[in-house]
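K.L.:
Handing you this structure, nothing more for now.
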Amino acid sequence: MITLKEVAAAANVSTVTASSVLSGVNRVRVAPATAERIRRTAKNMNYVPLAAARGLRTGRTRIISFVASAISHHHWDDAWHEALKGVSDLMWEREERLMLVMPRNREHELEIIRQMAFGRQVDGFIIQAGNDMDQERLSILNQSDRPFVMTGGLPRNDINCVVFDMEAFAETVIAEVGDDCGAVLLVLPKNGRNYIYDRFQAKFKEWAEARSCKFTIWDGAFIPEAEWLAEKRREGGGGCLAVVLLRGLLPEMIQALDDGGIPTGSGSRIVFVTTGEEVLMPPPGLSVVHFDNYSLGRRSAKLLMQLVDDGAGAAGPHKVVIPATPEV
């Protein structure tokens, strides 16, 4: 195993200088060219500082935990995958580590958080808001000295959170729907987090009522039957039926509309809201809007690391509201 002393000798610097550069502690001033030579030498020699030793020296584990909601990973929900990528990328850039927790149920999740928080096994937590932040979970986290950030869910003023601007997101989707529809069908996701879409639904309902447009919310387990879809179009005066699809099953919805005699491109259109799924050869009348869950995860990790770096005296809580769609 390569030691710090060997790296320093190969780079022709003192051990203190090499340690200052490779640990990021900046004990001594080092010229940029020398610092680059030390880093290049360490990389060429496959030198990696021992995490345990560094932890004893700094009081940090250099590990954070991403706690995925038990609801999300037991359903076909890709949102947390994209958020996890954002967290992972930021931690990689910081040369710190990420621990993924996928609890079996709520009780399992609470016990894992309790052990990791009071055992100081991680520097902090990113909690995916599967069922919002209940009081028991909050109590465990607040009693420990580990900072945490809730990612997703509803905006809150009492805890650190990073959330989407759902009203602005509704406006983005409405622009894709257009003003020439007689009826709009909103198909909600079936993953136990419909409360997150309350503001989204309210914005859509307000828009539809202002235009005397028939507005219906569907939260059934499967795609509506073809006859039911055709009836919704008739209730809208026979104009175009717009379907806002906030879950998968896109092929099934296209087929149901076709079977009901209102195929996309003529009698209907679909706005498909996805967390990352690509649509190959989209049919006429289909538009795709992406949730930017990658940025949600990255911003959550950035806020958490700010809290970790600032220590126990960090000001807060912080509420960060970000766009739901990727910036072009």
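By convention here, the chains of the structure tokens are called A, B, ... in the order presented, each chain's residues are numbered starting at 1, and ligands are numbered starting at 1 in the order presented.
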Which residues are near A:Ala226? Cut-off 7 Å, only C-alpha atoms, ignore same chain within fewer than 6 positions. Put them as a list in words.

P.N.:
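Skipping anything fewer than 6 positions along the chain leaves Ala256, Leu257, Asp259 and Gly260 of chain A.
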
K.L.:
Give me the residues near A:Glu176 as a list in words, where near means some atom within 10 Å (using only C-alpha atoms) and where sequence neighbours in that chain fewer than 2 positions away do not count.

P.N.:
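Everything that qualifies: Ala170, Glu171, Thr172, Val173, Ile174, Gly178, Asp179, Ala242, Val244, Arg269, Ile270, Val271, Phe272, Leu286, Ser287, Val288 and Val289 of chain A.
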
K.L.:
If you count only C-alpha atoms, which residues fall within 9 Å of stretch 112-125 of chain A, apart from same-chain ones fewer than 3 positions away, as a PyMOL selection string?

P.N.:
chain A and resi 60-67+99+101+103+107-109+137+140-141+143-150+304-305+307-308

K.L.:
Between atom CA of A:Phe291 and atom CA of A:Ala324, measure the distance and give it in Å to one decimal.

P.N.:
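Computed distance, atom CA of A:Phe291 to atom CA of A:Ala324, equals 5.5 Å.
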
K.L.:
Where does DSSP see strand (DSSP E) in stretch 168-286 of chain A, if you list the residues as an MDAnalysis selection string?

P.N.:
chainID A and resid 181:187 214:218 240:245 268:274 286

K.L.:
As an MDAnalysis selection string, please: all residues of stretch 63-136 of chain A that backbone DSSP puts in alpha helix (DSSP H).

P.N.:
chainID A and resid 79:93 106:118 135:136
